[in-house]
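Asks: start-v1.cif is reproduced in full below (mmCIF, C-alpha atoms).
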data_query
loop_
_atom_site.group_PDB
_atom_site.id
_atom_site.type_symbol
_atom_site.label_atom_id
_atom_site.label_comp_id
_atom_site.auth_asym_id
_atom_site.auth_seq_id
_atom_site.Cartn_x
_atom_site.Cartn_y
_atom_site.Cartn_z
ATOM 1 C CA MET H 1 97.459 135.159 74.816
ATOM 2 C CA ARG H 2 100.923 135.329 76.395
ATOM 3 C CA MET H 3 101.805 131.985 77.968
ATOM 4 C CA ALA H 4 104.910 131.114 79.981
ATOM 5 C CA ILE H 5 106.410 127.798 81.056
ATOM 6 C CA VAL H 6 108.403 128.020 84.284
ATOM 7 C CA GLY H 7 110.735 125.038 84.655
ATOM 8 C CA LEU H 8 112.081 123.417 81.486
ATOM 9 C CA GLY H 9 112.696 119.926 82.830
ATOM 10 C CA GLY H 10 111.050 116.811 81.449
ATOM 11 C CA VAL H 11 107.486 117.960 82.139
ATOM 12 C CA GLY H 12 107.917 121.639 81.275
ATOM 13 C CA GLY H 13 110.064 120.859 78.255
ATOM 14 C CA TYR H 14 107.571 118.383 76.823
ATOM 15 C CA TYR H 15 104.431 120.465 77.285
ATOM 16 C CA GLY H 16 106.199 123.733 76.580
ATOM 17 C CA GLY H 17 107.589 122.212 73.417
ATOM 18 C CA LYS H 18 104.121 121.184 72.263
ATOM 19 C CA LEU H 19 102.770 124.681 72.889
ATOM 20 C CA ALA H 20 105.696 126.326 71.111
ATOM 21 C CA ARG H 21 105.431 124.004 68.113
ATOM 22 C CA CYS H 22 101.812 125.033 67.659
ATOM 23 C CA TYR H 23 101.812 128.706 68.597
ATOM 24 C CA SER H 24 105.277 130.308 68.455
ATOM 25 C CA GLN H 25 105.573 132.918 65.700
ATOM 26 C CA SER H 26 101.858 132.381 64.969
ATOM 27 C CA GLY H 27 100.855 135.934 65.736
ATOM 28 C CA ALA H 28 97.847 134.627 67.667
ATOM 29 C CA HIS H 29 99.657 133.615 70.859
ATOM 30 C CA GLU H 30 103.090 134.150 72.383
ATOM 31 C CA VAL H 31 105.020 131.291 74.020
ATOM 32 C CA ILE H 32 107.707 132.146 76.550
ATOM 33 C CA PHE H 33 110.210 129.753 78.117
ATOM 34 C CA VAL H 34 111.450 130.815 81.541
ATOM 35 C CA ALA H 35 114.837 129.142 81.808
ATOM 36 C CA ARG H 36 118.249 129.653 83.394
ATOM 37 C CA GLY H 37 121.868 128.620 83.043
ATOM 38 C CA LYS H 38 122.851 125.973 80.511
ATOM 39 C CA THR H 39 119.243 125.354 79.490
ATOM 40 C CA LEU H 40 118.752 129.022 78.663
ATOM 41 C CA GLN H 41 121.954 129.142 76.609
ATOM 42 C CA ALA H 42 121.180 125.894 74.777
ATOM 43 C CA ILE H 43 117.679 127.006 73.753
ATOM 44 C CA LYS H 44 118.937 130.419 72.659
ATOM 45 C CA ALA H 45 121.594 128.757 70.514
ATOM 46 C CA ALA H 46 119.701 125.850 68.961
ATOM 47 C CA GLY H 47 116.095 125.848 70.208
ATOM 48 C CA LEU H 48 114.477 123.157 72.332
ATOM 49 C CA LYS H 49 114.590 119.617 70.946
ATOM 50 C CA VAL H 50 111.806 117.266 72.049
ATOM 51 C CA LYS H 51 112.111 113.542 71.382
ATOM 52 C CA ALA H 52 108.426 112.686 71.758
ATOM 53 C CA GLN H 53 106.766 109.337 71.123
ATOM 54 C CA ASP H 54 104.966 110.802 68.115
ATOM 55 C CA GLY H 55 108.161 112.173 66.594
ATOM 56 C CA GLU H 56 111.084 114.489 67.225
ATOM 57 C CA PHE H 57 110.851 118.226 66.735
ATOM 58 C CA VAL H 58 112.790 121.390 67.469
ATOM 59 C CA VAL H 59 111.066 124.591 68.556
ATOM 60 C CA ARG H 60 112.099 128.162 69.137
ATOM 61 C CA PRO H 61 109.784 130.004 71.533
ATOM 62 C CA ASP H 62 108.869 133.614 70.950
ATOM 63 C CA LEU H 63 111.079 134.427 73.941
ATOM 64 C CA VAL H 64 113.375 132.490 76.262
ATOM 65 C CA SER H 65 114.630 134.462 79.233
ATOM 66 C CA ASP H 66 115.521 134.453 82.923
ATOM 67 C CA ASN H 67 114.681 138.150 83.295
ATOM 68 C CA PRO H 68 111.150 138.861 84.608
ATOM 69 C CA GLN H 69 111.381 142.473 83.463
ATOM 70 C CA GLU H 70 112.099 141.353 79.909
ATOM 71 C CA ILE H 71 109.252 138.842 80.054
ATOM 72 C CA GLY H 72 106.606 141.164 81.516
ATOM 73 C CA LYS H 73 103.098 140.152 82.566
ATOM 74 C CA VAL H 74 101.653 136.988 81.078
ATOM 75 C CA ASP H 75 98.138 135.571 80.829
ATOM 76 C CA PHE H 76 98.820 131.882 81.466
ATOM 77 C CA VAL H 77 101.621 130.121 83.371
ATOM 78 C CA LEU H 78 102.461 126.422 83.575
ATOM 79 C CA VAL H 79 104.576 125.902 86.702
ATOM 80 C CA CYS H 80 106.758 122.820 86.176
ATOM 81 C CA THR H 81 109.622 123.295 88.628
ATOM 82 C CA LYS H 82 110.636 120.730 91.225
ATOM 83 C CA SER H 83 108.453 121.068 94.316
ATOM 84 C CA TYR H 84 111.397 121.948 96.550
ATOM 85 C CA GLY H 85 112.200 124.938 94.322
ATOM 86 C CA LEU H 86 108.664 126.293 94.030
ATOM 87 C CA GLU H 87 108.788 129.269 96.393
ATOM 88 C CA ASP H 88 112.213 130.426 95.195
ATOM 89 C CA SER H 89 111.161 130.235 91.536
ATOM 90 C CA LEU H 90 107.946 132.130 92.152
ATOM 91 C CA ALA H 91 109.745 134.808 94.144
ATOM 92 C CA THR H 92 112.309 135.212 91.359
ATOM 93 C CA TYR H 93 109.667 135.538 88.647
ATOM 94 C CA ARG H 94 106.959 137.221 90.706
ATOM 95 C CA GLY H 95 106.858 140.086 88.202
ATOM 96 C CA ILE H 96 105.355 137.998 85.395
ATOM 97 C CA PHE H 97 102.170 137.275 87.366
ATOM 98 C CA GLY H 98 99.325 139.782 87.149
ATOM 99 C CA ALA H 99 95.819 140.228 88.500
ATOM 100 C CA ASN H 100 94.310 138.177 85.651
ATOM 101 C CA THR H 101 97.047 135.553 85.234
ATOM 102 C CA VAL H 102 95.887 131.933 85.317
ATOM 103 C CA THR H 103 98.523 129.699 86.892
ATOM 104 C CA VAL H 104 98.449 125.902 86.637
ATOM 105 C CA SER H 105 100.675 123.808 88.889
ATOM 106 C CA LEU H 106 102.025 120.548 87.446
ATOM 107 C CA LEU H 107 104.269 119.718 90.411
ATOM 108 C CA ASN H 108 104.333 116.684 92.658
ATOM 109 C CA GLY H 109 102.504 117.146 95.936
ATOM 110 C CA VAL H 110 98.990 117.812 97.191
ATOM 111 C CA ASN H 111 99.094 121.435 98.330
ATOM 112 C CA ASN H 112 100.889 123.266 95.524
ATOM 113 C CA ASP H 113 97.923 125.465 94.612
ATOM 114 C CA LYS H 114 97.868 126.767 98.183
ATOM 115 C CA ARG H 115 101.645 127.293 98.189
ATOM 116 C CA ILE H 116 101.468 129.241 94.930
ATOM 117 C CA ALA H 117 98.524 131.350 96.084
ATOM 118 C CA GLN H 118 100.404 132.237 99.261
ATOM 119 C CA VAL H 119 103.475 133.467 97.370
ATOM 120 C CA LEU H 120 101.326 135.408 94.906
ATOM 121 C CA GLY H 121 99.343 136.982 97.721
ATOM 122 C CA GLY H 122 96.049 135.787 96.280
ATOM 123 C CA GLU H 123 96.632 137.596 92.986
ATOM 124 C CA GLY H 124 95.375 135.960 89.813
ATOM 125 C CA PHE H 125 93.769 132.522 89.499
ATOM 126 C CA VAL H 126 95.612 129.401 90.651
ATOM 127 C CA LEU H 127 94.570 125.929 89.513
ATOM 128 C CA ASP H 128 95.995 122.643 90.685
ATOM 129 C CA GLY H 129 97.081 120.027 88.201
ATOM 130 C CA LEU H 130 99.029 116.847 87.620
ATOM 131 C CA VAL H 131 100.575 114.872 84.806
ATOM 132 C CA TYR H 132 101.030 111.237 83.925
ATOM 133 C CA ILE H 133 104.186 111.214 81.838
ATOM 134 C CA ASN H 134 107.690 109.804 81.899
ATOM 135 C CA ALA H 135 109.965 112.477 80.453
ATOM 136 C CA GLY H 136 113.383 113.820 81.323
ATOM 137 C CA ILE H 137 116.340 115.925 80.261
ATOM 138 C CA LEU H 138 118.869 114.146 78.057
ATOM 139 C CA GLU H 139 121.093 117.222 78.040
ATOM 140 C CA PRO H 140 120.451 120.970 78.273
ATOM 141 C CA GLY H 141 117.914 121.850 75.605
ATOM 142 C CA VAL H 142 116.999 118.232 74.807
ATOM 143 C CA ILE H 143 113.929 116.495 76.271
ATOM 144 C CA SER H 144 112.994 112.826 75.896
ATOM 145 C CA GLN H 145 109.545 111.331 76.406
ATOM 146 C CA ASN H 146 109.809 107.714 77.569
ATOM 147 C CA GLY H 147 106.600 105.751 77.168
ATOM 148 C CA PRO H 148 103.346 106.557 75.387
ATOM 149 C CA VAL H 149 101.368 108.221 78.212
ATOM 150 C CA SER H 150 101.311 112.028 78.402
ATOM 151 C CA LYS H 151 98.077 112.974 80.160
ATOM 152 C CA LEU H 152 97.697 116.424 81.746
ATOM 153 C CA ILE H 153 94.863 116.991 84.239
ATOM 154 C CA PHE H 154 94.010 120.374 85.709
ATOM 155 C CA GLY H 155 91.038 122.135 87.184
ATOM 156 C CA THR H 156 89.130 123.374 90.180
ATOM 157 C CA ASN H 157 86.554 121.956 92.547
ATOM 158 C CA SER H 158 83.879 124.284 91.163
ATOM 159 C CA ASP H 159 82.734 125.869 87.882
ATOM 160 C CA LEU H 160 84.903 125.064 84.871
ATOM 161 C CA SER H 161 83.474 127.328 82.198
ATOM 162 C CA THR H 162 86.067 130.087 82.637
ATOM 163 C CA TYR H 163 88.899 127.681 81.880
ATOM 164 C CA ARG H 164 87.495 125.781 78.890
ATOM 165 C CA PRO H 165 89.462 128.006 76.469
ATOM 166 C CA LEU H 166 92.714 126.909 78.149
ATOM 167 C CA GLU H 167 91.766 123.270 77.743
ATOM 168 C CA ALA H 168 90.984 123.896 74.069
ATOM 169 C CA LEU H 169 94.263 125.786 73.622
ATOM 170 C CA MET H 170 96.258 122.836 74.951
ATOM 171 C CA LYS H 171 94.281 120.244 72.999
ATOM 172 C CA GLU H 172 94.879 122.194 69.781
ATOM 173 C CA ALA H 173 98.603 121.956 70.525
ATOM 174 C CA GLY H 174 98.371 118.170 70.688
ATOM 175 C CA ILE H 175 98.356 117.939 74.472
ATOM 176 C CA ASP H 176 96.149 115.287 76.075
ATOM 177 C CA ALA H 177 94.622 117.855 78.455
ATOM 178 C CA HIS H 178 91.616 117.270 80.697
ATOM 179 C CA LEU H 179 89.820 119.973 82.696
ATOM 180 C CA VAL H 180 88.103 118.439 85.745
ATOM 181 C CA SER H 181 85.924 119.647 88.606
ATOM 182 C CA ASP H 182 87.349 117.193 91.170
ATOM 183 C CA ILE H 183 90.998 118.162 90.904
ATOM 184 C CA THR H 184 91.772 117.587 94.597
ATOM 185 C CA THR H 185 90.591 113.991 94.302
ATOM 186 C CA GLN H 186 92.622 113.477 91.113
ATOM 187 C CA VAL H 187 95.774 114.918 92.703
ATOM 188 C CA TRP H 188 95.403 112.612 95.709
ATOM 189 C CA ILE H 189 94.764 109.528 93.555
ATOM 190 C CA LYS H 190 98.154 110.049 91.922
ATOM 191 C CA TYR H 191 99.768 110.992 95.239
ATOM 192 C CA LEU H 192 98.613 107.788 96.950
ATOM 193 C CA PHE H 193 100.506 105.891 94.269
ATOM 194 C CA ILE H 194 103.756 107.831 94.071
ATOM 195 C CA CYS H 195 104.233 108.987 97.680
ATOM 196 C CA PRO H 196 104.356 105.630 99.524
ATOM 197 C CA LEU H 197 106.131 103.970 96.614
ATOM 198 C CA ALA H 198 108.787 106.697 96.428
ATOM 199 C CA GLY H 199 109.491 106.308 100.131
ATOM 200 C CA ILE H 200 109.722 102.544 100.303
ATOM 201 C CA THR H 201 111.774 102.114 97.101
ATOM 202 C CA ALA H 202 114.262 104.763 98.236
ATOM 203 C CA MET H 203 114.608 103.248 101.708
ATOM 204 C CA ARG H 204 114.767 99.613 100.607
ATOM 205 C CA LYS H 205 116.846 100.431 97.506
ATOM 206 C CA LYS H 206 114.675 98.079 95.472
ATOM 207 C CA SER H 207 112.840 98.231 92.144
ATOM 208 C CA LEU H 208 109.056 98.154 91.932
ATOM 209 C CA GLY H 209 109.164 94.470 91.025
ATOM 210 C CA GLU H 210 111.352 93.628 94.002
ATOM 211 C CA ILE H 211 109.008 95.499 96.334
ATOM 212 C CA ASN H 212 105.984 93.804 94.811
ATOM 213 C CA SER H 213 107.468 90.306 95.088
ATOM 214 C CA SER H 214 108.379 90.634 98.775
ATOM 215 C CA ALA H 215 105.474 89.860 101.124
ATOM 216 C CA ALA H 216 106.938 92.055 103.883
ATOM 217 C CA ASP H 217 107.603 95.002 101.582
ATOM 218 C CA ARG H 218 104.206 94.736 99.941
ATOM 219 C CA GLN H 219 102.541 94.659 103.369
ATOM 220 C CA MET H 220 104.493 97.778 104.358
ATOM 221 C CA LEU H 221 103.562 99.496 101.103
ATOM 222 C CA GLU H 222 99.885 98.722 101.687
ATOM 223 C CA GLY H 223 100.159 100.116 105.196
ATOM 224 C CA MET H 224 101.734 103.322 103.862
ATOM 225 C CA ILE H 225 98.968 103.736 101.282
ATOM 226 C CA LYS H 226 96.401 103.359 104.067
ATOM 227 C CA GLU H 227 98.215 105.970 106.174
ATOM 228 C CA ALA H 228 98.230 108.466 103.301
ATOM 229 C CA LYS H 229 94.543 107.765 102.663
ATOM 230 C CA ALA H 230 93.780 108.383 106.348
ATOM 231 C CA VAL H 231 95.416 111.821 106.062
ATOM 232 C CA ALA H 232 93.381 112.544 102.926
ATOM 233 C CA ASP H 233 90.188 111.368 104.644
ATOM 234 C CA LYS H 234 90.879 113.656 107.590
ATOM 235 C CA GLN H 235 91.267 116.567 105.166
ATOM 236 C CA GLY H 236 87.886 115.762 103.631
ATOM 237 C CA VAL H 237 89.200 114.473 100.298
ATOM 238 C CA ALA H 238 86.691 112.239 98.478
ATOM 239 C CA LEU H 239 88.582 109.146 97.327
ATOM 240 C CA PRO H 240 87.176 105.982 95.720
ATOM 241 C CA ASP H 241 86.294 103.226 98.183
ATOM 242 C CA ASP H 242 88.653 100.789 96.452
ATOM 243 C CA ILE H 243 91.602 103.206 96.189
ATOM 244 C CA VAL H 244 93.987 101.054 98.266
ATOM 245 C CA ALA H 245 93.359 97.936 96.168
ATOM 246 C CA THR H 246 93.553 99.766 92.843
ATOM 247 C CA THR H 247 96.763 101.529 93.882
ATOM 248 C CA LEU H 248 98.403 98.219 94.794
ATOM 249 C CA LYS H 249 97.280 96.784 91.440
ATOM 250 C CA ARG H 250 98.926 99.708 89.620
ATOM 251 C CA VAL H 251 102.220 98.851 91.304
ATOM 252 C CA GLY H 252 101.947 95.305 89.958
ATOM 253 C CA ASP H 253 101.156 96.573 86.462
ATOM 254 C CA TYR H 254 104.395 98.566 86.190
ATOM 255 C CA PRO H 255 107.572 97.046 84.676
ATOM 256 C CA ALA H 256 109.385 95.067 87.358
ATOM 257 C CA ALA H 257 112.682 96.876 86.751
ATOM 258 C CA ALA H 258 111.185 100.357 87.159
ATOM 259 C CA ARG H 259 112.501 102.642 89.909
ATOM 260 C CA THR H 260 110.913 105.793 91.270
ATOM 261 C CA SER H 261 112.251 109.261 90.540
ATOM 262 C CA MET H 262 112.931 109.949 94.214
ATOM 263 C CA GLN H 263 114.812 106.678 94.500
ATOM 264 C CA LYS H 264 116.990 107.664 91.530
ATOM 265 C CA ASP H 265 117.645 111.093 93.071
ATOM 266 C CA PHE H 266 118.795 109.527 96.337
ATOM 267 C CA GLU H 267 121.064 107.090 94.498
ATOM 268 C CA ALA H 268 122.575 109.902 92.434
ATOM 269 C CA GLY H 269 123.094 112.158 95.445
ATOM 270 C CA ASN H 270 120.717 114.775 94.034
ATOM 271 C CA LYS H 271 118.305 116.970 95.931
ATOM 272 C CA THR H 272 115.072 115.039 96.524
ATOM 273 C CA GLU H 273 111.368 115.645 97.055
ATOM 274 C CA LEU H 274 111.397 113.757 100.361
ATOM 275 C CA ASP H 275 109.615 116.574 102.213
ATOM 276 C CA VAL H 276 106.899 116.728 99.551
ATOM 277 C CA PHE H 277 106.225 113.004 99.815
ATOM 278 C CA THR H 278 107.067 111.073 102.990
ATOM 279 C CA GLY H 279 107.763 114.173 105.052
ATOM 280 C CA TYR H 280 104.425 115.758 104.181
ATOM 281 C CA ILE H 281 102.405 112.749 105.341
ATOM 282 C CA SER H 282 104.473 112.503 108.524
ATOM 283 C CA ARG H 283 103.924 116.191 109.351
ATOM 284 C CA ALA H 284 100.262 116.237 108.325
ATOM 285 C CA GLY H 285 99.613 113.135 110.406
ATOM 286 C CA LYS H 286 100.937 114.868 113.509
ATOM 287 C CA GLU H 287 98.967 118.049 112.800
ATOM 288 C CA LEU H 288 95.731 116.122 112.195
ATOM 289 C CA ARG H 289 96.359 113.507 114.909
ATOM 290 C CA VAL H 290 96.373 110.715 112.352
ATOM 291 C CA PRO H 291 98.908 107.959 113.173
ATOM 292 C CA THR H 292 101.517 107.539 110.417
ATOM 293 C CA PRO H 293 104.177 105.280 112.010
ATOM 294 C CA LEU H 294 105.349 103.782 108.702
ATOM 295 C CA HIS H 295 105.877 107.170 107.079
ATOM 296 C CA ASP H 296 107.610 108.374 110.249
ATOM 297 C CA GLU H 297 109.976 105.393 110.068
ATOM 298 C CA VAL H 298 110.738 105.854 106.373
ATOM 299 C CA TYR H 299 111.186 109.602 106.758
ATOM 300 C CA GLN H 300 113.738 109.232 109.538
ATOM 301 C CA ALA H 301 115.584 106.500 107.627
ATOM 302 C CA LEU H 302 115.808 108.672 104.514
ATOM 303 C CA LEU H 303 116.896 111.718 106.497
ATOM 304 C CA ASN H 304 119.815 109.605 107.693
ATOM 305 C CA TYR H 305 120.375 108.491 104.073
ATOM 306 C CA CYS H 306 120.959 112.149 103.208
#
Please render this file's structure as structure tokens.

Replies:
Amino acid sequence: MRMAIVGLGGVGGYYGGKLARCYSQSGAHEVIFVARGKTLQAIKAAGLKVKAQDGEFVVRPDLVSDNPQEIGKVDFVLVCTKSYGLEDSLATYRGIFGANTVTVSLLNGVNNDKRIAQVLGGEGFVLDGLVYINAGILEPGVISQNGPVSKLIFGTNSDLSTYRPLEALMKEAGIDAHLVSDITTQVWIKYLFICPLAGITAMRKKSLGEINSSAADRQMLEGMIKEAKAVADKQGVALPDDIVATTLKRVGDYPAAARTSMQKDFEAGNKTELDVFTGYISRAGKELRVPTPLHDEVYQALLNYC
């Protein structure tokens, strides 16, 4: 099998590194890193270094390239770009996707499988997915996993048998991979946690602990979770009855000093996933006639922040 990882950030670097450590130069499978710029040059020169919780390792994929013609068609793609760069990345590397390619999205957001399928024109098989991991780039070609959790969930809302070999392939590489038949529900469970929290922490410029310890902020956060759930309900997503309470509990379980990724991006002046999070709920609410006044407020405030 020829497998490619598109996007060598924290997520793509970690999981791509695991796959390369197991399968590169094995003769059984081929691992390809799709990378550009300084990351491409660093991996070509010295390989990809992964500082994982279970030990550090350096891998050299079978191929690292930014040229879709050099890469050719592949059988399996992990898409790990930032959500705001999805369409551009897919258009650039459109040539690596074929009629039988299985593509798994590991991006933030709740409609990435549909976005990918639209760019690919319905070609191949697109599965949604998500990860629970804290990993980032220390420098080009060096990835650090921060914290012990590294769960990868992917799947469909129907028959799973076709994709069991992919799950086995990832498990053999030491990836905590789980193939599920309720992937839309799983994606939304994560989204209900990170979307409202990303918005309120970025707007208030507070850590998770500071949000959690303020009665007004916690009330606003709860209201935002309920708004996002209302959008999910309107779309027919089956969520647990206690999802609001369990999501709020998760916030309290996190380290008090923790900050969200979107909050950090705003503070650093980087491009953000605002439209994937707060903006999406605001737009979807209007389209579905679901009131989302808190998301509307946060979205406008953060647009001004930009």

Asks: Do you know which residues are at most 9 Å from Ala238 (chain H) counting all atoms listed in the file, after dropping those on the same chain fewer than 3 positions away, and could you put them as a ChimeraX atom specification?

Replies: /H:182,184-185,232-233

Asks: List the residues matched by the PyMOL selection byres ((chain H and resi 135-143) around 8) in the displayed structure as a PyMOL selection string, ordered by chain and then by residue number.

Replies: chain H and resi 9-11+13-14+38-40+42-43+46-51+133-134+144-146

Asks: Hey, what's within 6 Å of region 27-31 of chain H if we count all atoms listed in the file and toss same-chain stuff fewer than 3 positions away? As a list of chain:residue names, please?

Replies: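 My list of contacting residues is H:Met1, H:Arg2, H:Met3, H:Ala4, H:Ala20, H:Tyr23, H:Ser24, H:Pro61, H:Asp62.
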
Asks: If I take CA of Gly98 (chain H) and CA of Asp75 (chain H), how far is one from the other in Å, to one decimal?

Replies: 7.7 Å

Asks: Rank H:Arg21, H:Lys114, H:Lys82, H:Lys151 by their smallest atom-to-atom distance to Phe57 (chain H), using all atoms listed in the file, and report the top residue only.

Replies: H:Arg21

Asks: Would you compute the distance between CA of Gly122 (chain H) and CA of Gly85 (chain H)? Give it in Å to one decimal.

Replies: 19.6 Å

Asks: Taking the file as shown, find all residues satisfying the PyMOL selection byres ((chain H and resi 124) around 12) and write them as number ranges by chain.

Replies: H: 73-77, 94, 96-104, 113, 116-123, 125-127

Asks: Using all atoms listed in the file, which protein or nucleic acid residues come within 8 Å of region 243-256 of chain H? Drop anything in the same chain fewer than 2 positions from it, and give the result as a PyMOL selection string.

Replies: chain H and resi 189+192-193+207-210+212+222+225-226+239-241+258

Asks: Just to be explicit: take each residue in the selection above, keep C-alpha atoms, and write the result as a CSV table (one decimal), in the frame of the given file.

Replies:
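The resulting out_22.csv:
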chain,number,residue,atom,x,y,z
H,189,ILE,CA,94.8,109.5,93.6
H,192,LEU,CA,98.6,107.8,97.0
H,193,PHE,CA,100.5,105.9,94.3
H,207,SER,CA,112.8,98.2,92.1
H,208,LEU,CA,109.1,98.2,91.9
H,209,GLY,CA,109.2,94.5,91.0
H,210,GLU,CA,111.4,93.6,94.0
H,212,ASN,CA,106.0,93.8,94.8
H,222,GLU,CA,99.9,98.7,101.7
H,225,ILE,CA,99.0,103.7,101.3
H,226,LYS,CA,96.4,103.4,104.1
H,239,LEU,CA,88.6,109.1,97.3
H,240,PRO,CA,87.2,106.0,95.7
H,241,ASP,CA,86.3,103.2,98.2
H,258,ALA,CA,111.2,100.4,87.2

Asks: Restricting the calculation to all atoms listed in the file: of H:Ala215, H:Leu107, H:Ala168, H:Val64, which residue gets closest to Tyr84 (chain H)?

Replies: H:Leu107

Asks: Residue by residue, what does the PyMOL selection byres ((chain H and resi 297) around 12) grab here? Present the result as an NGL selection string.

Replies: :H and (196 or 199-200 or 203 or 220 or 224 or 278-279 or 281-282 or 291-296 or 298-304)

Asks: For Ile194 (chain H), which residue out of H:Val110, H:Leu152, H:Ile175, H:Ala216 is the nearest one, using all atoms listed in the file?

Replies: H:Val110

Asks: Which is closer to Phe154 (chain H) than all the others in H:Asn111, H:Thr201, H:Asn67, H:Leu106, using only C-alpha atoms?

Replies: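 Looking at the shortest contact to Phe154 (chain H), the residue is H:Leu106.
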
Asks: To one decimal place, how far is CA of Gly155 (chain H) from CA of Gly55 (chain H) in Å?

Replies: 28.6 Å

Asks: Report as lines of an AutoDock Vina configuration file the centre and the edge lengths, in Å to one decimal, of the axis-aligned box holding every listed atom of region 131-139 of chain H, padded by 8 Å on each side.

Replies:
center_x = 110.8
center_y = 113.5
center_z = 81.4
size_x = 36.5
size_y = 23.4
size_z = 22.8

Asks: Calculated over only C-alpha atoms, which of the candidates H:Gln219, H:Thr92, H:Gln263, H:Thr81 has the smallest distance to Pro68 (chain H)?

Replies: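 Distance minimum relative to Pro68 (chain H) lands on H:Thr92.
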
Asks: Select from region 226-265 of chain H every residue with an atom at most 10 Å from any atom of region 269-274 of chain H, then for each give the shortest pair of atoms and their distance in Å to one decimal, using all atoms listed in the file, rows by chain and rising number, as a tab-separated table.

Replies:
residue	atom	partner	partner_atom	distance
H:Ser261	CA	H:Thr272	CA	8.8
H:Met262	CA	H:Thr272	CA	6.0
H:Gln263	CA	H:Thr272	CA	8.6
H:Lys264	CA	H:Asn270	CA	8.4
H:Asp265	CA	H:Asn270	CA	4.9
